[in-house]
Amino acid sequence: MDHSKYKVPIRNLFCILCYANEMPELVSALNRADKELPNLTVIAKLFIQESEQIIKSNLYKSYRSIEEDTNQIKGKVLFNQSMQQIANHKAYLTCKMDEFDENNLQNQLLKTTLINIMGISQLPKKDKINIQSLLYRFSKVKTIKIQRNHFVRVQLNRNTFYYRTMLLLARLIFELQNMSERDGEINLYEILNDEKKMQKIFEKFILNFYKYEQTEYQSRAEKLKWDLSDGNPNLIPDMNTDISLLSKHTKQKIIIDAKYYSKTLNEYFDIPKIRSGHFYQLYAYLSHSHDSIITRGILVYPTNGTKVDETYTLPIRVGNKVDITTIRIFTIDLNQDWEKIEKQMFDLIESK
């Protein structure tokens, strides 16, 4: 696989992930502190602050099953293992029981990451002393050898949602400490090469960027209604936009369809073209969003070596009349300074 197609600086990927997870404040903190690559010391300081907040909220406790050789009956006796103990002339039973404590995966990741950042030579001494004081709260939590699949295995719910920022920072620290470099740039191939995962991240990044960084439009996903009558409606697929920007002041709307592909254009008889399904999909959205609002459409891709910015005009029905709207096809360059990405994002929704 050509890894260069997916090359995104780790700083930008972190910012994208922050928006996708609705944590824009981390982007602001990072951009204030460092204008080049993410500084591991800065991220470590943010992680310490987040750890303090989690401890103040109390470490999450959960039930876990343990097996123990004991001379007393506890929980459920495991017959086969106990018979083996007796056959070996040992006066023990093997019992399985549930224990309620804080020794769960999210706390193991938290504790182990705190220990790992203690080894950062640039981390101030006062921060290391602070970490040592925090670690006293983890006496019942085991340390682990962190692997990428640990972050996937953590399943958050409403009782553990306050761990999400910590887990994102822990993942970034893990990647920074285990980063691979190619041509002077840092690549997280495990995430970037997964187009299905990056498709969802790319959509949520754009949706939440406009949610937090501008006030002209309300940013949300939208379910549109088909203009159909008769027939069984249950057979018709739902029509859901990735991003709908509804103006708070005028009868204007922008529908953005975000697509993450390593190759922006397909070739038909050696002629580069946008994938037909993408164009048809956006056209269907515009054709079914015509009650009293003038809607324009944007089809957006990451640049990935091919820069595109084209705007097409087309007639569209608005209520009982026909109006003129536009479809814009645009590529965002994720391999540039974050400030330039922000400018592209704002320019994208300007009238053209």
# chains A, B, ... in the order shown; residues from 1 in each chain; ligands from 1
$ residues_around --residues "Leu246 of chain A" --least-positions-apart "3" --cutoff "12 Å" --atoms "only C-alpha atoms" --output "list in words"
Tyr210, Lys211, Gln214, Thr215, Glu216, Tyr217, Gln218, Ser219, Arg220, Ala221, Glu222, Ile243, His249, Thr250, Lys251, Gln252, Lys253, Ile254, Ile255, Ile256, Ser289, Ile293, Ile294, Thr295, Arg296 and Ile349 of chain A
$ select_by_dssp --residues "segment 9-255 of chain A" --states "alpha helix (DSSP H)" --output "VMD selection string"
chain A and resid 10 to 20 24 to 33 40 to 56 79 to 87 105 to 117 125 to 135 148 to 153 164 to 177 189 to 192 195 to 213
$ closest_atom_pairs --of "segment 12-62 of chain A" --to "segment 191-203 of chain A" --cutoff "10 Å" --atoms "only C-alpha atoms" --output "CSV"
residue,atom,partner,partner_atom,distance
A:Leu13,CA,A:Leu192,CA,8.8
A:Ile16,CA,A:Phe202,CA,7.5
A:Leu17,CA,A:Ile201,CA,6.9
A:Cys18,CA,A:Ile201,CA,9.8
A:Tyr19,CA,A:Ile201,CA,8.8
A:Ala20,CA,A:Ile201,CA,5.7
A:Asn21,CA,A:Ile201,CA,8.6
$ write_last_selection --atoms "C-alpha atoms" --output "compact mmCIF listing (two decimals), in the first residue's frame"
# COMPACT_ATOMS: atom_id res chain seq x y z
CA LEU A 13 -5.00 13.93 13.10
CA ILE A 16 -9.51 16.01 13.80
CA LEU A 17 -10.06 13.34 16.46
CA CYS A 18 -10.72 16.02 19.08
CA TYR A 19 -13.47 17.58 16.97
CA ALA A 20 -14.88 14.16 16.06
CA ASN A 21 -15.15 13.41 19.79
$ residues_around --residues "segment 308-320 of chain A" --least-positions-apart "4" --cutoff "12 Å" --atoms "only C-alpha atoms" --output "ChimeraX atom specification"
/A:251-253,264-265,272-274,279,283-304,324-333,344,347-348,351-352
$ write_last_selection --atoms "N, CA and C atoms" --output "compact mmCIF listing (two decimals), in the first residue's frame"
# COMPACT_ATOMS: atom_id res chain seq x y z
N LYS A 251 -33.29 32.18 5.15
CA LYS A 251 -33.80 30.90 4.67
C LYS A 251 -32.78 30.27 3.73
N GLN A 252 -31.65 29.94 4.32
CA GLN A 252 -30.56 29.34 3.58
C GLN A 252 -30.12 28.05 4.28
N LYS A 253 -29.68 27.09 3.47
CA LYS A 253 -29.18 25.84 4.03
C LYS A 253 -28.06 25.32 3.14
N THR A 264 -9.27 10.55 -4.67
CA THR A 264 -10.45 11.40 -4.79
C THR A 264 -11.25 11.10 -6.05
N LEU A 265 -10.56 10.96 -7.18
CA LEU A 265 -11.23 10.78 -8.47
C LEU A 265 -11.05 9.36 -8.99
N PRO A 272 -10.43 11.49 -15.50
CA PRO A 272 -10.75 11.54 -14.07
C PRO A 272 -12.14 12.12 -13.83
N LYS A 273 -12.91 11.43 -13.00
CA LYS A 273 -14.26 11.88 -12.69
C LYS A 273 -14.59 11.62 -11.22
N ILE A 274 -15.50 12.43 -10.68
CA ILE A 274 -16.05 12.17 -9.37
C ILE A 274 -16.89 10.90 -9.44
N PHE A 279 -22.17 11.97 -6.49
CA PHE A 279 -22.86 13.12 -7.08
C PHE A 279 -24.37 12.92 -7.07
N TYR A 283 -27.21 15.20 -5.15
CA TYR A 283 -28.29 15.75 -5.96
C TYR A 283 -29.65 15.34 -5.38
N ALA A 284 -29.75 14.10 -4.89
CA ALA A 284 -31.00 13.64 -4.28
C ALA A 284 -31.31 14.45 -3.01
N TYR A 285 -30.28 14.75 -2.23
CA TYR A 285 -30.49 15.56 -1.03
C TYR A 285 -31.06 16.93 -1.39
N LEU A 286 -30.44 17.57 -2.39
CA LEU A 286 -30.89 18.91 -2.79
C LEU A 286 -32.31 18.87 -3.35
N SER A 287 -32.63 17.81 -4.04
CA SER A 287 -33.95 17.69 -4.67
C SER A 287 -35.06 17.43 -3.66
N HIS A 288 -34.70 17.06 -2.45
CA HIS A 288 -35.69 16.76 -1.42
C HIS A 288 -35.56 17.69 -0.21
N SER A 289 -35.01 18.86 -0.45
CA SER A 289 -34.87 19.83 0.64
C SER A 289 -35.32 21.20 0.13
N HIS A 290 -36.59 21.26 -0.36
CA HIS A 290 -37.02 22.41 -1.16
C HIS A 290 -38.30 23.07 -0.65
N ASP A 291 -38.65 22.88 0.61
CA ASP A 291 -39.93 23.42 1.08
C ASP A 291 -40.00 24.94 0.96
N SER A 292 -39.12 25.64 1.65
CA SER A 292 -39.10 27.11 1.53
C SER A 292 -37.68 27.63 1.66
N ILE A 293 -36.70 26.73 1.53
CA ILE A 293 -35.31 27.09 1.80
C ILE A 293 -34.47 26.88 0.55
N ILE A 294 -33.65 27.86 0.22
CA ILE A 294 -32.69 27.70 -0.87
C ILE A 294 -31.49 26.93 -0.33
N THR A 295 -31.23 25.78 -0.90
CA THR A 295 -30.18 24.91 -0.40
C THR A 295 -29.07 24.76 -1.43
N ARG A 296 -27.83 24.89 -0.98
CA ARG A 296 -26.71 24.57 -1.86
C ARG A 296 -25.97 23.36 -1.31
N GLY A 297 -25.29 22.66 -2.19
CA GLY A 297 -24.64 21.42 -1.80
C GLY A 297 -23.13 21.49 -1.94
N ILE A 298 -22.45 20.76 -1.07
CA ILE A 298 -20.98 20.67 -1.13
C ILE A 298 -20.59 19.21 -0.98
N LEU A 299 -19.76 18.74 -1.89
CA LEU A 299 -19.19 17.40 -1.82
C LEU A 299 -17.72 17.60 -1.47
N VAL A 300 -17.30 17.13 -0.28
CA VAL A 300 -15.95 17.43 0.20
C VAL A 300 -15.15 16.16 0.43
N TYR A 301 -13.90 16.19 0.00
CA TYR A 301 -12.96 15.09 0.13
C TYR A 301 -11.67 15.61 0.77
N PRO A 302 -10.84 14.73 1.35
CA PRO A 302 -9.46 15.13 1.64
C PRO A 302 -8.69 15.19 0.33
N THR A 303 -7.69 16.07 0.25
CA THR A 303 -7.00 16.29 -1.02
C THR A 303 -6.30 15.03 -1.52
N ASN A 304 -5.47 14.40 -0.69
CA ASN A 304 -4.77 13.16 -1.07
C ASN A 304 -4.13 13.24 -2.46
N ILE A 324 -32.32 28.79 -8.59
CA ILE A 324 -30.99 28.33 -9.00
C ILE A 324 -30.13 28.13 -7.76
N THR A 325 -29.44 27.00 -7.70
CA THR A 325 -28.54 26.74 -6.59
C THR A 325 -27.21 26.23 -7.14
N THR A 326 -26.33 25.80 -6.26
CA THR A 326 -25.00 25.35 -6.69
C THR A 326 -24.61 24.04 -6.00
N ILE A 327 -23.76 23.30 -6.67
CA ILE A 327 -23.06 22.16 -6.07
C ILE A 327 -21.57 22.45 -6.19
N ARG A 328 -20.90 22.40 -5.08
CA ARG A 328 -19.45 22.64 -5.07
C ARG A 328 -18.72 21.34 -4.72
N ILE A 329 -17.70 21.01 -5.48
CA ILE A 329 -16.85 19.86 -5.18
C ILE A 329 -15.51 20.41 -4.72
N PHE A 330 -15.09 20.00 -3.53
CA PHE A 330 -13.97 20.67 -2.87
C PHE A 330 -13.11 19.64 -2.14
N THR A 331 -11.81 19.85 -2.17
CA THR A 331 -10.89 18.99 -1.41
C THR A 331 -10.18 19.80 -0.34
N ILE A 332 -10.13 19.25 0.86
CA ILE A 332 -9.43 19.89 1.99
C ILE A 332 -8.07 19.22 2.15
N ASP A 333 -7.03 20.02 2.19
CA ASP A 333 -5.66 19.51 2.34
C ASP A 333 -5.38 19.31 3.84
N GLN A 344 -9.53 26.96 5.21
CA GLN A 344 -10.24 26.24 4.16
C GLN A 344 -11.66 25.87 4.60
N ASP A 347 -13.69 29.05 4.42
CA ASP A 347 -13.89 29.43 3.03
C ASP A 347 -14.90 28.52 2.34
N LEU A 348 -14.94 27.27 2.78
CA LEU A 348 -15.81 26.27 2.16
C LEU A 348 -17.29 26.68 2.19
N SER A 351 -20.30 31.88 0.34
CA SER A 351 -20.99 31.85 -0.95
C SER A 351 -19.96 32.05 -2.07
N LYS A 352 -20.14 31.26 -3.14
CA LYS A 352 -19.20 31.35 -4.26
C LYS A 352 -19.96 31.37 -5.56
$ closest_residue --among "A:Leu168, A:Ile144, A:Ile117, A:Leu134" --to "Phe14 of chain A" --atoms "only C-alpha atoms"
A:Leu168
$ closest_residue --among "A:Phe174, A:Tyr60, A:Trp226, A:Phe346" --to "Gln147 of chain A" --atoms "only C-alpha atoms"
A:Phe174
$ select_by_dssp --residues "segment 104-203 of chain A" --states "strand (DSSP E)" --output "list in words"
Glu181, Arg182, Glu185 and Ile186 of chain A
$ atom_distance --atom1 "atom CA of Asp69 of chain A" --atom2 "atom CA of Ser139 of chain A"
22.6 Å
$ closest_residue --among "A:Ser121, A:Gln81, A:Thr165, A:Ser51" --to "Met23 of chain A" --atoms "only C-alpha atoms"
A:Thr165
$ decode --residues "segment 138-187 of chain A" --atoms "N, CA and C atoms" --output "mmCIF file, in the first residue's frame"
data_model
loop_
_atom_site.group_PDB
_atom_site.id
_atom_site.type_symbol
_atom_site.label_atom_id
_atom_site.label_comp_id
_atom_site.auth_asym_id
_atom_site.auth_seq_id
_atom_site.Cartn_x
_atom_site.Cartn_y
_atom_site.Cartn_z
ATOM 1 N N PHE A 138 -4.087 4.621 43.219
ATOM 2 C CA PHE A 138 -4.214 3.462 42.317
ATOM 3 C C PHE A 138 -3.590 2.201 42.904
ATOM 4 N N SER A 139 -3.612 2.091 44.221
ATOM 5 C CA SER A 139 -2.959 0.948 44.871
ATOM 6 C C SER A 139 -3.595 -0.384 44.477
ATOM 7 N N LYS A 140 -4.877 -0.370 44.135
ATOM 8 C CA LYS A 140 -5.564 -1.616 43.775
ATOM 9 C C LYS A 140 -5.660 -1.826 42.260
ATOM 10 N N VAL A 141 -5.015 -0.942 41.507
ATOM 11 C CA VAL A 141 -5.063 -1.018 40.045
ATOM 12 C C VAL A 141 -3.731 -1.543 39.531
ATOM 13 N N LYS A 142 -3.788 -2.555 38.677
ATOM 14 C CA LYS A 142 -2.579 -3.147 38.111
ATOM 15 C C LYS A 142 -2.055 -2.300 36.954
ATOM 16 N N THR A 143 -0.745 -2.354 36.751
ATOM 17 C CA THR A 143 -0.166 -1.759 35.551
ATOM 18 C C THR A 143 -0.175 -2.807 34.435
ATOM 19 N N ILE A 144 -0.200 -2.348 33.205
ATOM 20 C CA ILE A 144 -0.254 -3.247 32.052
ATOM 21 C C ILE A 144 0.752 -2.778 31.010
ATOM 22 N N LYS A 145 1.047 -3.631 30.065
ATOM 23 C CA LYS A 145 1.831 -3.223 28.894
ATOM 24 C C LYS A 145 0.817 -2.764 27.846
ATOM 25 N N ILE A 146 0.750 -1.464 27.623
ATOM 26 C CA ILE A 146 -0.298 -0.900 26.775
ATOM 27 C C ILE A 146 -0.092 -1.305 25.322
ATOM 28 N N GLN A 147 -1.183 -1.730 24.685
ATOM 29 C CA GLN A 147 -1.209 -2.036 23.260
ATOM 30 C C GLN A 147 -2.381 -1.291 22.629
ATOM 31 N N ARG A 148 -2.341 -1.115 21.313
ATOM 32 C CA ARG A 148 -3.385 -0.348 20.637
ATOM 33 C C ARG A 148 -4.776 -0.935 20.867
ATOM 34 N N ASN A 149 -4.868 -2.260 20.899
ATOM 35 C CA ASN A 149 -6.212 -2.855 21.031
ATOM 36 C C ASN A 149 -6.844 -2.574 22.386
ATOM 37 N N HIS A 150 -6.056 -2.156 23.372
ATOM 38 C CA HIS A 150 -6.638 -1.790 24.676
ATOM 39 C C HIS A 150 -7.601 -0.615 24.521
ATOM 40 N N PHE A 151 -7.244 0.348 23.660
ATOM 41 C CA PHE A 151 -8.096 1.526 23.488
ATOM 42 C C PHE A 151 -9.398 1.174 22.784
ATOM 43 N N VAL A 152 -9.361 0.159 21.934
ATOM 44 C CA VAL A 152 -10.568 -0.299 21.250
ATOM 45 C C VAL A 152 -11.461 -1.076 22.204
ATOM 46 N N ARG A 153 -10.854 -1.801 23.128
ATOM 47 C CA ARG A 153 -11.604 -2.663 24.032
ATOM 48 C C ARG A 153 -12.388 -1.896 25.086
ATOM 49 N N VAL A 154 -11.956 -0.685 25.409
ATOM 50 C CA VAL A 154 -12.672 0.097 26.422
ATOM 51 C C VAL A 154 -14.027 0.523 25.870
ATOM 52 N N GLN A 155 -15.076 0.131 26.524
ATOM 53 C CA GLN A 155 -16.435 0.494 26.126
ATOM 54 C C GLN A 155 -17.012 1.458 27.159
ATOM 55 N N LEU A 156 -17.185 2.713 26.756
ATOM 56 C CA LEU A 156 -17.695 3.713 27.685
ATOM 57 C C LEU A 156 -19.221 3.708 27.696
ATOM 58 N N ASN A 157 -19.781 4.012 28.858
ATOM 59 C CA ASN A 157 -21.224 4.183 28.997
ATOM 60 C C ASN A 157 -21.464 5.473 29.768
ATOM 61 N N ARG A 158 -22.708 5.727 30.115
ATOM 62 C CA ARG A 158 -23.002 7.012 30.774
ATOM 63 C C ARG A 158 -22.324 7.131 32.131
ATOM 64 N N ASN A 159 -21.962 6.001 32.749
ATOM 65 C CA ASN A 159 -21.279 6.037 34.041
ATOM 66 C C ASN A 159 -19.777 6.248 33.907
ATOM 67 N N THR A 160 -19.242 5.986 32.719
ATOM 68 C CA THR A 160 -17.791 6.102 32.526
ATOM 69 C C THR A 160 -17.430 7.130 31.457
ATOM 70 N N PHE A 161 -18.419 7.925 31.010
ATOM 71 C CA PHE A 161 -18.183 8.853 29.908
ATOM 72 C C PHE A 161 -17.127 9.890 30.262
ATOM 73 N N TYR A 162 -16.952 10.172 31.558
ATOM 74 C CA TYR A 162 -15.973 11.171 31.963
ATOM 75 C C TYR A 162 -14.531 10.712 31.736
ATOM 76 N N TYR A 163 -14.340 9.489 31.293
ATOM 77 C CA TYR A 163 -13.012 8.974 30.965
ATOM 78 C C TYR A 163 -12.618 9.266 29.513
ATOM 79 N N ARG A 164 -13.504 9.780 28.687
ATOM 80 C CA ARG A 164 -13.244 9.843 27.244
ATOM 81 C C ARG A 164 -12.062 10.750 26.908
ATOM 82 N N THR A 165 -11.952 11.918 27.558
ATOM 83 C CA THR A 165 -10.831 12.812 27.273
ATOM 84 C C THR A 165 -9.520 12.170 27.688
ATOM 85 N N MET A 166 -9.506 11.540 28.849
ATOM 86 C CA MET A 166 -8.308 10.845 29.303
ATOM 87 C C MET A 166 -7.862 9.787 28.313
ATOM 88 N N LEU A 167 -8.820 9.022 27.776
ATOM 89 C CA LEU A 167 -8.479 7.948 26.846
ATOM 90 C C LEU A 167 -7.913 8.505 25.538
ATOM 91 N N LEU A 168 -8.457 9.630 25.058
ATOM 92 C CA LEU A 168 -7.925 10.238 23.842
ATOM 93 C C LEU A 168 -6.495 10.721 24.066
ATOM 94 N N LEU A 169 -6.248 11.359 25.197
ATOM 95 C CA LEU A 169 -4.900 11.828 25.517
ATOM 96 C C LEU A 169 -3.942 10.653 25.713
ATOM 97 N N ALA A 170 -4.423 9.594 26.379
ATOM 98 C CA ALA A 170 -3.587 8.411 26.582
ATOM 99 C C ALA A 170 -3.211 7.780 25.249
ATOM 100 N N ARG A 171 -4.174 7.753 24.318
ATOM 101 C CA ARG A 171 -3.892 7.194 22.992
ATOM 102 C C ARG A 171 -2.849 8.044 22.270
ATOM 103 N N LEU A 172 -2.973 9.364 22.364
ATOM 104 C CA LEU A 172 -2.011 10.234 21.702
ATOM 105 C C LEU A 172 -0.622 10.060 22.317
ATOM 106 N N ILE A 173 -0.540 9.990 23.642
ATOM 107 C CA ILE A 173 0.750 9.774 24.307
ATOM 108 C C ILE A 173 1.364 8.452 23.869
ATOM 109 N N PHE A 174 0.524 7.419 23.798
ATOM 110 C CA PHE A 174 1.006 6.107 23.347
ATOM 111 C C PHE A 174 1.580 6.208 21.938
ATOM 112 N N GLU A 175 0.862 6.898 21.036
ATOM 113 C CA GLU A 175 1.320 7.003 19.657
ATOM 114 C C GLU A 175 2.595 7.833 19.567
ATOM 115 N N LEU A 176 2.681 8.912 20.327
ATOM 116 C CA LEU A 176 3.876 9.745 20.302
ATOM 117 C C LEU A 176 5.094 8.992 20.812
ATOM 118 N N GLN A 177 4.887 8.143 21.809
ATOM 119 C CA GLN A 177 6.008 7.392 22.366
ATOM 120 C C GLN A 177 6.361 6.176 21.524
ATOM 121 N N ASN A 178 5.481 5.806 20.594
ATOM 122 C CA ASN A 178 5.727 4.645 19.741
ATOM 123 C C ASN A 178 5.565 5.009 18.276
ATOM 124 N N MET A 179 5.863 6.266 17.946
ATOM 125 C CA MET A 179 5.575 6.756 16.611
ATOM 126 C C MET A 179 6.547 6.170 15.588
ATOM 127 N N SER A 180 6.028 6.039 14.348
ATOM 128 C CA SER A 180 6.871 5.654 13.215
ATOM 129 C C SER A 180 6.993 6.854 12.304
ATOM 130 N N GLU A 181 8.178 7.089 11.771
ATOM 131 C CA GLU A 181 8.411 8.259 10.934
ATOM 132 C C GLU A 181 8.736 7.833 9.504
ATOM 133 N N ARG A 182 8.278 8.628 8.565
ATOM 134 C CA ARG A 182 8.536 8.363 7.152
ATOM 135 C C ARG A 182 8.672 9.708 6.457
ATOM 136 N N ASP A 183 9.824 9.920 5.853
ATOM 137 C CA ASP A 183 10.083 11.194 5.168
ATOM 138 C C ASP A 183 9.877 12.387 6.088
ATOM 139 N N GLY A 184 10.250 12.223 7.349
ATOM 140 C CA GLY A 184 10.186 13.329 8.291
ATOM 141 C C GLY A 184 8.819 13.617 8.846
ATOM 142 N N GLU A 185 7.799 12.829 8.487
ATOM 143 C CA GLU A 185 6.454 13.067 8.994
ATOM 144 C C GLU A 185 5.975 11.854 9.766
ATOM 145 N N ILE A 186 5.086 12.087 10.691
ATOM 146 C CA ILE A 186 4.590 11.029 11.566
ATOM 147 C C ILE A 186 3.270 10.513 11.013
ATOM 148 N N ASN A 187 3.148 9.204 10.931
ATOM 149 C CA ASN A 187 1.957 8.610 10.324
ATOM 150 C C ASN A 187 1.317 7.611 11.273
#
